[in-house]
Each structure stands twice: as structure tokens, then as C-alpha cells.
Amino acid sequence: MENVIRIMTPVTTEEIRKLRAKDNVLITGVIYTARDAAHKRLVNLLNEGKELPIDLKGQIIYYVGPAPAKPGYAVGPAGPTTSYRMDPYTPQLLKLGLKGMIGKGTRSKEVIDAMKEHGAVYFGAVGGAAALIAKSIKKVDVVCYEDLGAEAIHRFYVEDFPAIVVIDSQGNNLYETEPKKYRIK
Amino acid sequence: MSSKKMTEPRRSAIKKELRYVAILRIGNNSEVSYVREIKAEVIQNTVRDLFLQANYFIGKDVYDKLKEQCEIEESPVGKSVLKQIIENDEIASKEQIPICQDTGLAVAFIELGQEVLIVDGDFNEAINQGVREAYTKGFLRKSVVSDPVFDRKNTKDNTPAIIHVKIVPGDKVKITVTAKGIGSENMSSLKMLKPADGVEGVKKFVVDTAVNAGPNPCPPIIVGVGIGGTMEMAAILSKKALLRPVGQYNGDLRYAQLEDEILQEINKSGIGPGGLGGRTTALAVNIEYFPTHIAGLPVAVNICCHASRHAEKVI
């Protein structure tokens with residue numbers, strides 16, 4: 001890969017604001033997993049004025065529910081799930097300092113507006129490349145909501161996790177700009 | 001079945017260690033006929049093995065097509081996405097781990113020969129037990145919730161399976177399973193068109209459904225289309241269409257041409273692999289059709305991601 005940018009978590013707003021759509025990044029450090037049910041619980045806590053079980057400042061959330069790990073593996077296959085289902089919850093988390101999300105597929109205008117306002121990026125990982133992506137996840141532990149199984153919030157210790165900036169903090173969006181280049185009228 | 005025919009299955013039964021049950025039919029012309037016995041456990045084990053196979057090993061048809069597209073894909077990002085998908089599929093089969101973390105809802109299509117007697121167990125339960133074993137022992141993700149609206153509690157073994165049974169002539173059972181991911185299922189759609197909408201209406205609805213799905217269903221996608229019948233028939237046909245190998249067209253030339261036209265139209269969208277731009281948005285469009293009402297034209301579009309996971313076996 002050419003022009004690969006390496007980032008370590010937690011990240012700063014300045015670092016994130018420098019990233020541009022189409023940048024290839026390799027992420028190292030801790031990232032958190034959360035999907036539908038976990039997002040619902042987090043936002044319910046916020047709505048009740050309670051504290052979250054994780055500090056989201058400078059963090060990256062990966063939308064994933066991994067398959068079970070075979071013996072000898074840190075994690076089972078773990079590719080991204082479709083992100084739009086998390087859209088209703090995301091602006092509130094961005095307000096708390098969440099700096100990045102990793103998923104696949106489109107985001108709502110509300111999410112993109114909040115990303116611009118707070119300085120955050122949306123990374124894409126290749127949907128269905130779950131066995132390959134899992135190779136960059138070295139260790140996993142459960143943070144909370146263990147009852148949700150694959151949907152629990154996990155801490156992933158990743159090394160050179162491959163992602164591409166799909167939507168940057170200025171709102172540039174690869175899903176809009178790239179297909180246009182290959183569209184045949 | 002005439003009694004004369006029955007010497008053949010008996011001989012082959014001994015050869016293949018198959019078991020037949022003799023039925024004495026009493027009437028004006030009393031005669032003996034035979035039905036083949038299949039233990040529920042055999043159904044169970046077959047279903048288990050098929051779900052493991054489908055989840056670990058991508059079909060050669062899809063793999064070859066991905067490779068072919070990777071060669072010709074013009075978009076550098078698209079090409080890189082295809083390379084990652086191919087590498088992923090190779091890792092999964094080599095290490096015998098799931099291709100995708102969403103190991104799907106378990107769907108089984110059964111063609112049950114009418115000369116088969118299922119013994120020593122409940123047929124539907126055997127299928128569910130096969131699913132249970134595959135998902136709990138084969139390191140597959142359990143993604144089923146008990147109730148769609150209220151409880152949404154994980155059943156923890158990926159059951160119940162969605163079972164479609166068709167009774168057919170013969171003494172065999174054909175089991176086809178598919179592990180269907182929901183990312184692409186969520187992008188599927190059904191519409192009751194008017195007969196006046198015709199072939200252009202069908203084309204527009206299928207293309208619009210695939211293109212509006214954009215990057216969400218993990219392109220490159222496979223598009224299953226069911227046309228005709230009733231609402232549920234069209235939907236079932238669209239799922240069945242996904243089971244046909246990539247690159248194999250409908251036997252009716254008119255439908256084959258329609259498949260090709262729709263495929264080309266979808267690939268003009270520029271969505272590309274992963275939705276990040278390119279020529280490869282769909283790998284195939286497969287249409288199945290059925291007679292319908294004079295006043296109807298139902299069309300169902302079932303979208304599947306590039307990880308099209310299905311397997312079949314005849315018992």
C-alpha cells in the first residue's frame with residue numbers, strides 16, 4: 001500500500017482533522033467494539049444522565065460482532081457490520097469525544113454533520129474480509145454487556161489494523177466521489 | 001410403484017447398505033411396494049456438515065469470478081478491495097474458519113422424495129439439531145433472536161432454521177442450505193408491479209434496488225430475482241435464484257438476456273467493490289420465474305454479498 005498513515009489510539013482531534021478521505025491507515029492500540037444493542041444501552045445511559053462504562057474521549061469504535069474464536073486464536077473472524085443502523089446513536093457519542101468509527105456502508109447527514117463539528121472520521125474496513133481482518137487483532141477482552149454475547153463491548157488490541165478513510169472531518173465522502181468516476185451514463 | 005420395479009431397489013439396497021420398508025397394499029390387486037428408510041440422524045449430520053462447508057469454503061464459481069474481476073477492475077481501490085476479499089476467502093478455507101463473522105440465518109431447501117420414510121426422529125427437529133451442532137461446535141456466530149419486536153433475545157444456537165420443503169418423486173432427499181448474512185438481506189426488496197410495467201418495469205425495479213443499496217450489502221453482490229407467482233412465491237424464488245452458480249444463466253434465453261442486461265446496467269453504476277468505486281458492483285444476476293395471475297407481476301429482489309455461502313447434498 002502506498003501512502004499509508006499509521007495511527008495510535010487514543011487519537012487527538014488535530015491528528016484526526018489531518019486525515020483525508022481515501023487515506024489508507026493502519027491503526028495500532030486499543031479500539032472498542034459496539035453494535036446495535038450496545039449502542040442502545042450506551043445512549044439509554046446518557047439519556048438517563050448516567051456515566052458510560054467506557055471513556056470515549058479520543059477513542060475509536062469498531063462496529064463488529066465477531067464469530068467465536070477457535071482454540072489458539074485471539075478472536076474469530078471479525079469484519080465490519082453495516083454502519084447505518086448505529087446512525088441514530090452516533091451524534092451523541094461524537095459529542096463525548098469519540099474520534100472515529102470503523103464500519104461499512106453509508107452514514108446519515110446527522111452523523112456527518114456531527115463528525116465535522118467535533119472532528120471525527122469514519123473509516124471503512126472491507127465487508128466480508130473477516131478472516132483477514134482478524135489477523136490484525138492480537139488480544140480481546142470484554143469490557144461490559146457480556147450478556148449480549150458477540151454484541152458485548154469488547155476491547156480489541158490491534159496492530160496495523162487496515163482501514164481507509166471513507167468520510168473525513170470535512171465531510172468528504174468516498175462513497176459519493178469514487179463511484180461517480182466509474183459511472184457510465 | 002409396481003411390484004415388478006421393486007427388485008431393483010432391493011438389490012441396490014444391499015449394495016449401498018440402504019434400508020427399504022415393504023408396504024403391502026391390499027385391494028383388488030394386492031401388491032408390495034417399497035419406501036426407503038432414512039434416519040433423522042442422517043438428515044441432522046448432513047445439515048451440520050453442509051452449514052460448516054458453506055461457512056468455511058467459498059464456492060469455486062464465486063472465487064473464480066472474483067479472480068477474473070480482480071484482473072480487469074480499473075479502479076485501484078476497487079482492485080485492492082477484491083484482492084483483500086480473495087485473500088480472505090483463501091485464509092478461511094485454509095484455516096477452516098468462517099469467511100465472514102456474520103455466519104447468517106440458516107435457511108434449508110429440502111426436496112423430499114415421496115418414497116422416503118423418515119425414521120427415528122422428527123424431521124424438522126433433525127434439521128434444527130444439525131444447525132445447532134454446526135453453529136455451537138463449528139465456531140460460527142449465533143445471530144438469531146427469539147422474537148423480532150419485543151424480546152430480541154439471542155437463542156444461542158442459531159435456531160430455528162428457515163425450512164422450505166418440497167415433495168418430489170423418487171427415494172432421495174436433496175438438501176440445499178444457505179447461510180444468509182443480514183447486511184445484504186436488509187437491502188432486499190419486493191414490489192407488486194402491474195402487468196403493464198412489463199420487462200422495462202422489472203428491469204428498473206431490480207436495477208434501482210441494487211444501485212440504491214450502494215456500499216451497504218458488501219459489493220460485489222449477487223442479485224437473486226424472483227418473478228411471478230404470488231408475493232411469497234416471488235420472495236422464495238429470489239432466494240432460490242441465489243443458489244444457482246455464478247455464471248450460469250437461466251435456461252430460457254429471454255430471461256438469460258434479461259439477466260445479462262440487468263447485470264450490465266448495475267455495473268454501470270460505478271459503485272464498485274466495497275462501494276469505493278469501480279466496475280465490479282455485481283458478479284451475477286440470477287432470475288427464477290413462475291406463472292402468475294392475469295392481473296399480477298410480483299418481483300422480489302434478494303441481494304447477497306460476495307460471500308455467497310451455500311452447499312448441497314443428495315442423500
# chains A, B, ... in the order shown; residues from 1 in each chain; ligands from 1
>>> interface_residues(of="chain B", to="chain A", cutoff="7 Å", atoms="only C-alpha atoms", output="PyMOL selection string")
chain B and resi 81+84-85+88+91-92+98-101+139-141+183+215-216+218+268-272+274-279+307
>>> write_last_selection(atoms="N, CA and C atoms", output="tab-separated table (two decimals), in the first residue's frame")
chain	number	residue	atom	x	y	z
B	81	VAL	N	-9.68	-3.85	-2.90
B	81	VAL	CA	-10.76	-4.49	-2.13
B	81	VAL	C	-10.95	-5.94	-2.60
B	84	GLN	N	-8.28	-8.16	-1.27
B	84	GLN	CA	-8.50	-8.50	0.15
B	84	GLN	C	-9.57	-9.56	0.31
B	85	ILE	N	-10.62	-9.47	-0.51
B	85	ILE	CA	-11.70	-10.47	-0.44
B	85	ILE	C	-11.17	-11.85	-0.83
B	88	ASN	N	-8.96	-13.15	1.85
B	88	ASN	CA	-9.81	-13.56	2.97
B	88	ASN	C	-10.41	-14.95	2.74
B	91	ILE	N	-7.79	-17.61	3.21
B	91	ILE	CA	-7.48	-17.84	4.63
B	91	ILE	C	-8.57	-18.71	5.27
B	92	ALA	N	-9.83	-18.34	4.99
B	92	ALA	CA	-10.97	-19.05	5.60
B	92	ALA	C	-10.93	-20.54	5.25
B	98	PRO	N	-14.79	-19.26	9.56
B	98	PRO	CA	-15.82	-18.63	8.73
B	98	PRO	C	-15.26	-17.53	7.82
B	99	ILE	N	-15.82	-17.45	6.62
B	99	ILE	CA	-15.44	-16.41	5.65
B	99	ILE	C	-15.80	-15.05	6.22
B	100	CYS	N	-16.98	-14.97	6.84
B	100	CYS	CA	-17.48	-13.70	7.39
B	100	CYS	C	-17.96	-13.96	8.81
B	101	GLN	N	-17.84	-12.90	9.65
B	101	GLN	CA	-18.29	-13.08	11.04
B	101	GLN	C	-19.80	-13.25	11.12
B	139	PHE	N	-17.67	-23.03	15.64
B	139	PHE	CA	-17.19	-21.66	15.80
B	139	PHE	C	-17.87	-20.69	14.83
B	140	LEU	N	-19.18	-20.87	14.69
B	140	LEU	CA	-19.97	-19.94	13.88
B	140	LEU	C	-20.72	-19.01	14.83
B	141	ARG	N	-21.03	-17.82	14.35
B	141	ARG	CA	-21.70	-16.86	15.23
B	141	ARG	C	-23.19	-17.16	15.32
B	183	GLY	N	-26.72	-8.26	6.30
B	183	GLY	CA	-26.32	-6.97	5.71
B	183	GLY	C	-26.90	-6.81	4.31
B	215	PRO	N	-23.07	0.88	-1.02
B	215	PRO	CA	-21.99	0.11	-0.39
B	215	PRO	C	-22.49	-0.83	0.71
B	216	ASN	N	-23.76	-0.71	1.09
B	216	ASN	CA	-24.24	-1.43	2.29
B	216	ASN	C	-24.22	-2.96	2.23
B	218	CYS	N	-22.19	-5.09	0.97
B	218	CYS	CA	-20.88	-5.68	0.69
B	218	CYS	C	-20.71	-6.08	-0.77
B	268	LYS	N	-22.82	-0.48	-14.46
B	268	LYS	CA	-22.57	0.88	-14.96
B	268	LYS	C	-22.63	1.90	-13.82
B	269	SER	N	-23.15	1.48	-12.67
B	269	SER	CA	-23.37	2.42	-11.56
B	269	SER	C	-22.08	2.97	-11.00
B	270	GLY	N	-20.98	2.24	-11.16
B	270	GLY	CA	-19.70	2.72	-10.64
B	270	GLY	C	-19.51	2.45	-9.15
B	271	ILE	N	-20.49	1.83	-8.51
B	271	ILE	CA	-20.41	1.58	-7.05
B	271	ILE	C	-19.12	0.83	-6.72
B	272	GLY	N	-18.90	-0.26	-7.43
B	272	GLY	CA	-17.62	-0.99	-7.31
B	272	GLY	C	-17.45	-1.78	-6.03
B	274	GLY	N	-16.76	-2.95	-2.48
B	274	GLY	CA	-16.82	-2.23	-1.21
B	274	GLY	C	-17.53	-0.89	-1.32
B	275	GLY	N	-18.08	-0.57	-2.50
B	275	GLY	CA	-18.76	0.71	-2.68
B	275	GLY	C	-17.78	1.86	-2.85
B	276	LEU	N	-16.50	1.51	-3.06
B	276	LEU	CA	-15.46	2.54	-3.13
B	276	LEU	C	-15.07	2.86	-4.57
B	277	GLY	N	-15.97	2.55	-5.49
B	277	GLY	CA	-15.77	2.91	-6.89
B	277	GLY	C	-15.17	1.78	-7.71
B	278	GLY	N	-15.73	1.59	-8.91
B	278	GLY	CA	-15.18	0.58	-9.81
B	278	GLY	C	-16.24	-0.03	-10.70
B	279	ARG	N	-15.79	-0.97	-11.51
B	279	ARG	CA	-16.70	-1.59	-12.49
B	279	ARG	C	-17.40	-2.82	-11.95
B	307	ALA	N	-19.83	-12.95	-0.31
B	307	ALA	CA	-19.68	-14.22	0.43
B	307	ALA	C	-20.99	-14.99	0.30
>>> residues_around(residues="Gly113 (chain B)", least_positions_apart="6", cutoff="6 Å", atoms="only C-alpha atoms", output="list in words")
Ile167, Val168, Pro169, Gly170, Asp171, Lys172 and Val173 of chain B
>>> residues_around(residues="Ile112 (chain A)", least_positions_apart="3", cutoff="9 Å", atoms="only C-alpha atoms", output="list in words")
Pro91, Arg107, Ser108, Lys109, Met115, Lys116, Glu117, Ala120, Val121, Tyr122, Ile167, Asp168, Ser169, Gln170 and Gly171 of chain A
>>> residues_around(residues="Asn24 (chain A)", least_positions_apart="2", cutoff="10 Å", atoms="only C-alpha atoms", output="list in words")
Met1, Glu2, Asn3, Val4, Ile5, Arg6, Leu19, Arg20, Ala21, Lys22, Leu26, Ile27, Phe123, Gly124, Pro162, Ala163, Ile164, Val165 and Val166 of chain A
>>> residues_around(residues="region 246-257 of chain B", least_positions_apart="2", cutoff="9 Å", atoms="only C-alpha atoms", output="list in words")
Asp61, Val62, Lys65, Ile222, Leu242, Leu243, Arg244, Glu259, Asp260, Glu261, Ile262, Leu283, Ala284, Val285, Asn286, Ile287, Glu288 and Tyr289 of chain B
>>> residues_around(residues="Gly29 (chain A)", least_positions_apart="4", cutoff="9 Å", atoms="only C-alpha atoms", output="list in words")
Ile7, Met8, Thr9, Pro10, Phe156, Tyr157, Val158, Glu159 and Asp160 of chain A
>>> select_by_dssp(residues="region 32-177 of chain A", states="helix (DSSP H, G or I)", output="NGL selection string")
:A and (36-47 or 83-86 or 90-95 or 109-118 or 130-136 or 146-151 or 174-177)
>>> write_last_selection(atoms="N, CA and C atoms", output="compact mmCIF listing (two decimals), in the first residue's frame")
# COMPACT_ATOMS: atom_id res chain seq x y z
N ASP A 36 -25.44 -2.73 17.41
CA ASP A 36 -26.80 -2.27 17.70
C ASP A 36 -27.18 -2.23 19.19
N ALA A 37 -27.15 -3.40 19.83
CA ALA A 37 -27.67 -3.49 21.19
C ALA A 37 -26.81 -2.69 22.18
N ALA A 38 -25.48 -2.71 21.99
CA ALA A 38 -24.60 -1.99 22.90
C ALA A 38 -24.79 -0.47 22.74
N HIS A 39 -24.98 -0.02 21.52
CA HIS A 39 -25.23 1.41 21.29
C HIS A 39 -26.51 1.85 21.99
N LYS A 40 -27.52 1.00 21.89
CA LYS A 40 -28.80 1.33 22.52
C LYS A 40 -28.60 1.50 24.02
N ARG A 41 -27.83 0.59 24.61
CA ARG A 41 -27.61 0.67 26.07
C ARG A 41 -26.81 1.92 26.44
N LEU A 42 -25.78 2.22 25.66
CA LEU A 42 -24.95 3.39 25.96
C LEU A 42 -25.78 4.67 25.92
N VAL A 43 -26.58 4.78 24.87
CA VAL A 43 -27.36 6.01 24.71
C VAL A 43 -28.49 6.08 25.75
N ASN A 44 -29.03 4.92 26.13
CA ASN A 44 -30.01 4.93 27.21
C ASN A 44 -29.41 5.49 28.50
N LEU A 45 -28.16 5.09 28.79
CA LEU A 45 -27.47 5.60 29.98
C LEU A 45 -27.33 7.12 29.91
N LEU A 46 -26.91 7.60 28.73
CA LEU A 46 -26.75 9.04 28.55
C LEU A 46 -28.06 9.77 28.76
N ASN A 47 -29.12 9.20 28.20
CA ASN A 47 -30.43 9.84 28.32
C ASN A 47 -30.92 9.88 29.77
N SER A 83 -23.03 0.17 8.96
CA SER A 83 -22.98 1.23 9.96
C SER A 83 -24.28 2.01 10.16
N TYR A 84 -25.12 2.09 9.13
CA TYR A 84 -26.27 3.00 9.22
C TYR A 84 -27.18 2.69 10.40
N ARG A 85 -27.14 1.43 10.87
CA ARG A 85 -28.01 1.07 12.00
C ARG A 85 -27.58 1.78 13.28
N MET A 86 -26.33 2.24 13.32
CA MET A 86 -25.83 2.94 14.51
C MET A 86 -26.02 4.46 14.39
N THR A 90 -25.07 7.72 17.07
CA THR A 90 -23.69 8.19 16.91
C THR A 90 -23.44 9.66 17.28
N PRO A 91 -24.31 10.61 16.86
CA PRO A 91 -24.01 12.01 17.20
C PRO A 91 -23.78 12.24 18.70
N GLN A 92 -24.55 11.56 19.54
CA GLN A 92 -24.38 11.74 20.99
C GLN A 92 -23.00 11.26 21.45
N LEU A 93 -22.50 10.19 20.83
CA LEU A 93 -21.19 9.66 21.22
C LEU A 93 -20.06 10.56 20.70
N LEU A 94 -20.27 11.15 19.53
CA LEU A 94 -19.26 12.06 18.97
C LEU A 94 -19.12 13.30 19.86
N LYS A 95 -20.23 13.70 20.44
CA LYS A 95 -20.24 14.85 21.34
C LYS A 95 -19.36 14.58 22.56
N LYS A 109 -26.78 12.16 7.30
CA LYS A 109 -26.33 13.56 7.29
C LYS A 109 -26.04 14.01 8.73
N GLU A 110 -26.88 13.57 9.66
CA GLU A 110 -26.71 13.98 11.07
C GLU A 110 -25.35 13.51 11.59
N VAL A 111 -24.97 12.28 11.23
CA VAL A 111 -23.68 11.75 11.68
C VAL A 111 -22.54 12.55 11.06
N ILE A 112 -22.63 12.80 9.76
CA ILE A 112 -21.55 13.53 9.07
C ILE A 112 -21.44 14.95 9.62
N ASP A 113 -22.58 15.59 9.88
CA ASP A 113 -22.55 16.94 10.47
C ASP A 113 -21.85 16.93 11.82
N ALA A 114 -22.16 15.92 12.64
CA ALA A 114 -21.54 15.83 13.97
C ALA A 114 -20.05 15.53 13.85
N MET A 115 -19.66 14.75 12.83
CA MET A 115 -18.24 14.46 12.61
C MET A 115 -17.49 15.75 12.27
N LYS A 116 -18.12 16.58 11.45
CA LYS A 116 -17.49 17.85 11.07
C LYS A 116 -17.37 18.78 12.28
N GLU A 117 -18.43 18.81 13.06
CA GLU A 117 -18.47 19.71 14.22
C GLU A 117 -17.42 19.33 15.27
N HIS A 118 -17.34 18.03 15.57
CA HIS A 118 -16.47 17.60 16.66
C HIS A 118 -15.10 17.11 16.20
N ALA A 130 -13.51 -10.81 6.88
CA ALA A 130 -13.45 -11.01 8.33
C ALA A 130 -12.28 -11.85 8.81
N ALA A 131 -11.94 -12.90 8.04
CA ALA A 131 -10.84 -13.78 8.45
C ALA A 131 -9.51 -13.05 8.32
N LEU A 132 -9.41 -12.23 7.28
CA LEU A 132 -8.19 -11.45 7.02
C LEU A 132 -8.01 -10.36 8.08
N ILE A 133 -9.08 -9.62 8.35
CA ILE A 133 -9.02 -8.52 9.32
C ILE A 133 -8.64 -9.04 10.71
N ALA A 134 -9.15 -10.23 11.05
CA ALA A 134 -8.90 -10.79 12.38
C ALA A 134 -7.41 -10.98 12.66
N LYS A 135 -6.61 -11.09 11.58
CA LYS A 135 -5.17 -11.29 11.75
C LYS A 135 -4.51 -10.10 12.46
N SER A 136 -5.12 -8.91 12.37
CA SER A 136 -4.51 -7.72 13.00
C SER A 136 -5.01 -7.52 14.43
N GLU A 146 -21.62 -8.42 28.80
CA GLU A 146 -21.24 -9.79 28.40
C GLU A 146 -22.47 -10.60 27.99
N ASP A 147 -23.61 -10.25 28.59
CA ASP A 147 -24.85 -10.99 28.26
C ASP A 147 -25.23 -10.86 26.79
N LEU A 148 -24.67 -9.87 26.10
CA LEU A 148 -25.01 -9.68 24.69
C LEU A 148 -24.19 -10.59 23.77
N GLY A 149 -23.32 -11.39 24.34
CA GLY A 149 -22.53 -12.33 23.52
C GLY A 149 -21.63 -11.59 22.55
N ALA A 150 -21.79 -11.92 21.25
CA ALA A 150 -20.97 -11.28 20.22
C ALA A 150 -21.19 -9.77 20.18
N GLU A 151 -22.33 -9.33 20.73
CA GLU A 151 -22.65 -7.90 20.70
C GLU A 151 -22.14 -7.14 21.93
N LEU A 174 -16.02 9.26 0.25
CA LEU A 174 -15.63 8.39 -0.87
C LEU A 174 -16.81 7.71 -1.54
N TYR A 175 -17.84 7.37 -0.75
CA TYR A 175 -18.99 6.69 -1.33
C TYR A 175 -19.71 7.59 -2.34
N GLU A 176 -19.48 8.90 -2.22
CA GLU A 176 -20.08 9.81 -3.19
C GLU A 176 -19.12 10.14 -4.32
N THR A 177 -17.86 10.37 -3.97
CA THR A 177 -16.92 10.84 -5.00
C THR A 177 -16.42 9.71 -5.91
>>> select_by_dssp(residues="region 242-311 of chain B", states="strand (DSSP E or B)", output="PyMOL selection string")
chain B and resi 282-292+297-304+310-311
>>> residues_around(residues="Phe205 (chain B)", least_positions_apart="3", cutoff="10 Å", atoms="only C-alpha atoms", output="PyMOL selection string")
chain B and resi 189-191+193+200-202+208-211+299-301
>>> write_last_selection(atoms="N, CA and C atoms", output="PDB file, in the first residue's frame")
ATOM      1  N   SER B 189     -35.693  -6.316  -1.538  1.00  0.00           N
ATOM      2  CA  SER B 189     -36.970  -5.625  -1.681  1.00  0.00           C
ATOM      3  C   SER B 189     -37.954  -6.423  -2.539  1.00  0.00           C
ATOM      4  N   LEU B 190     -39.230  -6.135  -2.349  1.00  0.00           N
ATOM      5  CA  LEU B 190     -40.270  -6.816  -3.125  1.00  0.00           C
ATOM      6  C   LEU B 190     -41.308  -5.792  -3.566  1.00  0.00           C
ATOM      7  N   LYS B 191     -41.774  -5.938  -4.805  1.00  0.00           N
ATOM      8  CA  LYS B 191     -42.769  -4.992  -5.294  1.00  0.00           C
ATOM      9  C   LYS B 191     -43.792  -5.719  -6.162  1.00  0.00           C
ATOM     10  N   LEU B 193     -45.610  -5.310  -9.121  1.00  0.00           N
ATOM     11  CA  LEU B 193     -45.706  -4.458 -10.306  1.00  0.00           C
ATOM     12  C   LEU B 193     -47.035  -4.717 -11.024  1.00  0.00           C
ATOM     13  N   GLU B 200     -39.559  -3.663 -18.897  1.00  0.00           N
ATOM     14  CA  GLU B 200     -38.843  -2.441 -18.502  1.00  0.00           C
ATOM     15  C   GLU B 200     -39.054  -2.140 -17.022  1.00  0.00           C
ATOM     16  N   GLY B 201     -40.293  -2.391 -16.560  1.00  0.00           N
ATOM     17  CA  GLY B 201     -40.611  -2.170 -15.149  1.00  0.00           C
ATOM     18  C   GLY B 201     -39.811  -3.104 -14.254  1.00  0.00           C
ATOM     19  N   VAL B 202     -39.690  -4.369 -14.695  1.00  0.00           N
ATOM     20  CA  VAL B 202     -38.925  -5.355 -13.928  1.00  0.00           C
ATOM     21  C   VAL B 202     -37.468  -4.903 -13.847  1.00  0.00           C
ATOM     22  N   ASP B 208     -32.717  -0.474  -9.698  1.00  0.00           N
ATOM     23  CA  ASP B 208     -32.843   0.530  -8.629  1.00  0.00           C
ATOM     24  C   ASP B 208     -32.551  -0.080  -7.256  1.00  0.00           C
ATOM     25  N   THR B 209     -33.073  -1.283  -7.007  1.00  0.00           N
ATOM     26  CA  THR B 209     -32.861  -1.917  -5.698  1.00  0.00           C
ATOM     27  C   THR B 209     -31.367  -2.163  -5.470  1.00  0.00           C
ATOM     28  N   ALA B 210     -30.693  -2.687  -6.488  1.00  0.00           N
ATOM     29  CA  ALA B 210     -29.268  -2.999  -6.344  1.00  0.00           C
ATOM     30  C   ALA B 210     -28.436  -1.721  -6.211  1.00  0.00           C
ATOM     31  N   VAL B 211     -28.767  -0.713  -7.010  1.00  0.00           N
ATOM     32  CA  VAL B 211     -27.954   0.514  -7.013  1.00  0.00           C
ATOM     33  C   VAL B 211     -28.212   1.343  -5.746  1.00  0.00           C
ATOM     34  N   VAL B 299     -42.423  -8.996  -8.224  1.00  0.00           N
ATOM     35  CA  VAL B 299     -40.977  -9.089  -8.423  1.00  0.00           C
ATOM     36  C   VAL B 299     -40.280  -8.958  -7.072  1.00  0.00           C
ATOM     37  N   ALA B 300     -39.464  -9.952  -6.742  1.00  0.00           N
ATOM     38  CA  ALA B 300     -38.687  -9.888  -5.499  1.00  0.00           C
ATOM     39  C   ALA B 300     -37.205  -9.856  -5.847  1.00  0.00           C
ATOM     40  N   VAL B 301     -36.479  -9.008  -5.129  1.00  0.00           N
ATOM     41  CA  VAL B 301     -35.033  -8.897  -5.343  1.00  0.00           C
ATOM     42  C   VAL B 301     -34.333  -9.240  -4.038  1.00  0.00           C
TER      43      VAL B 301
END
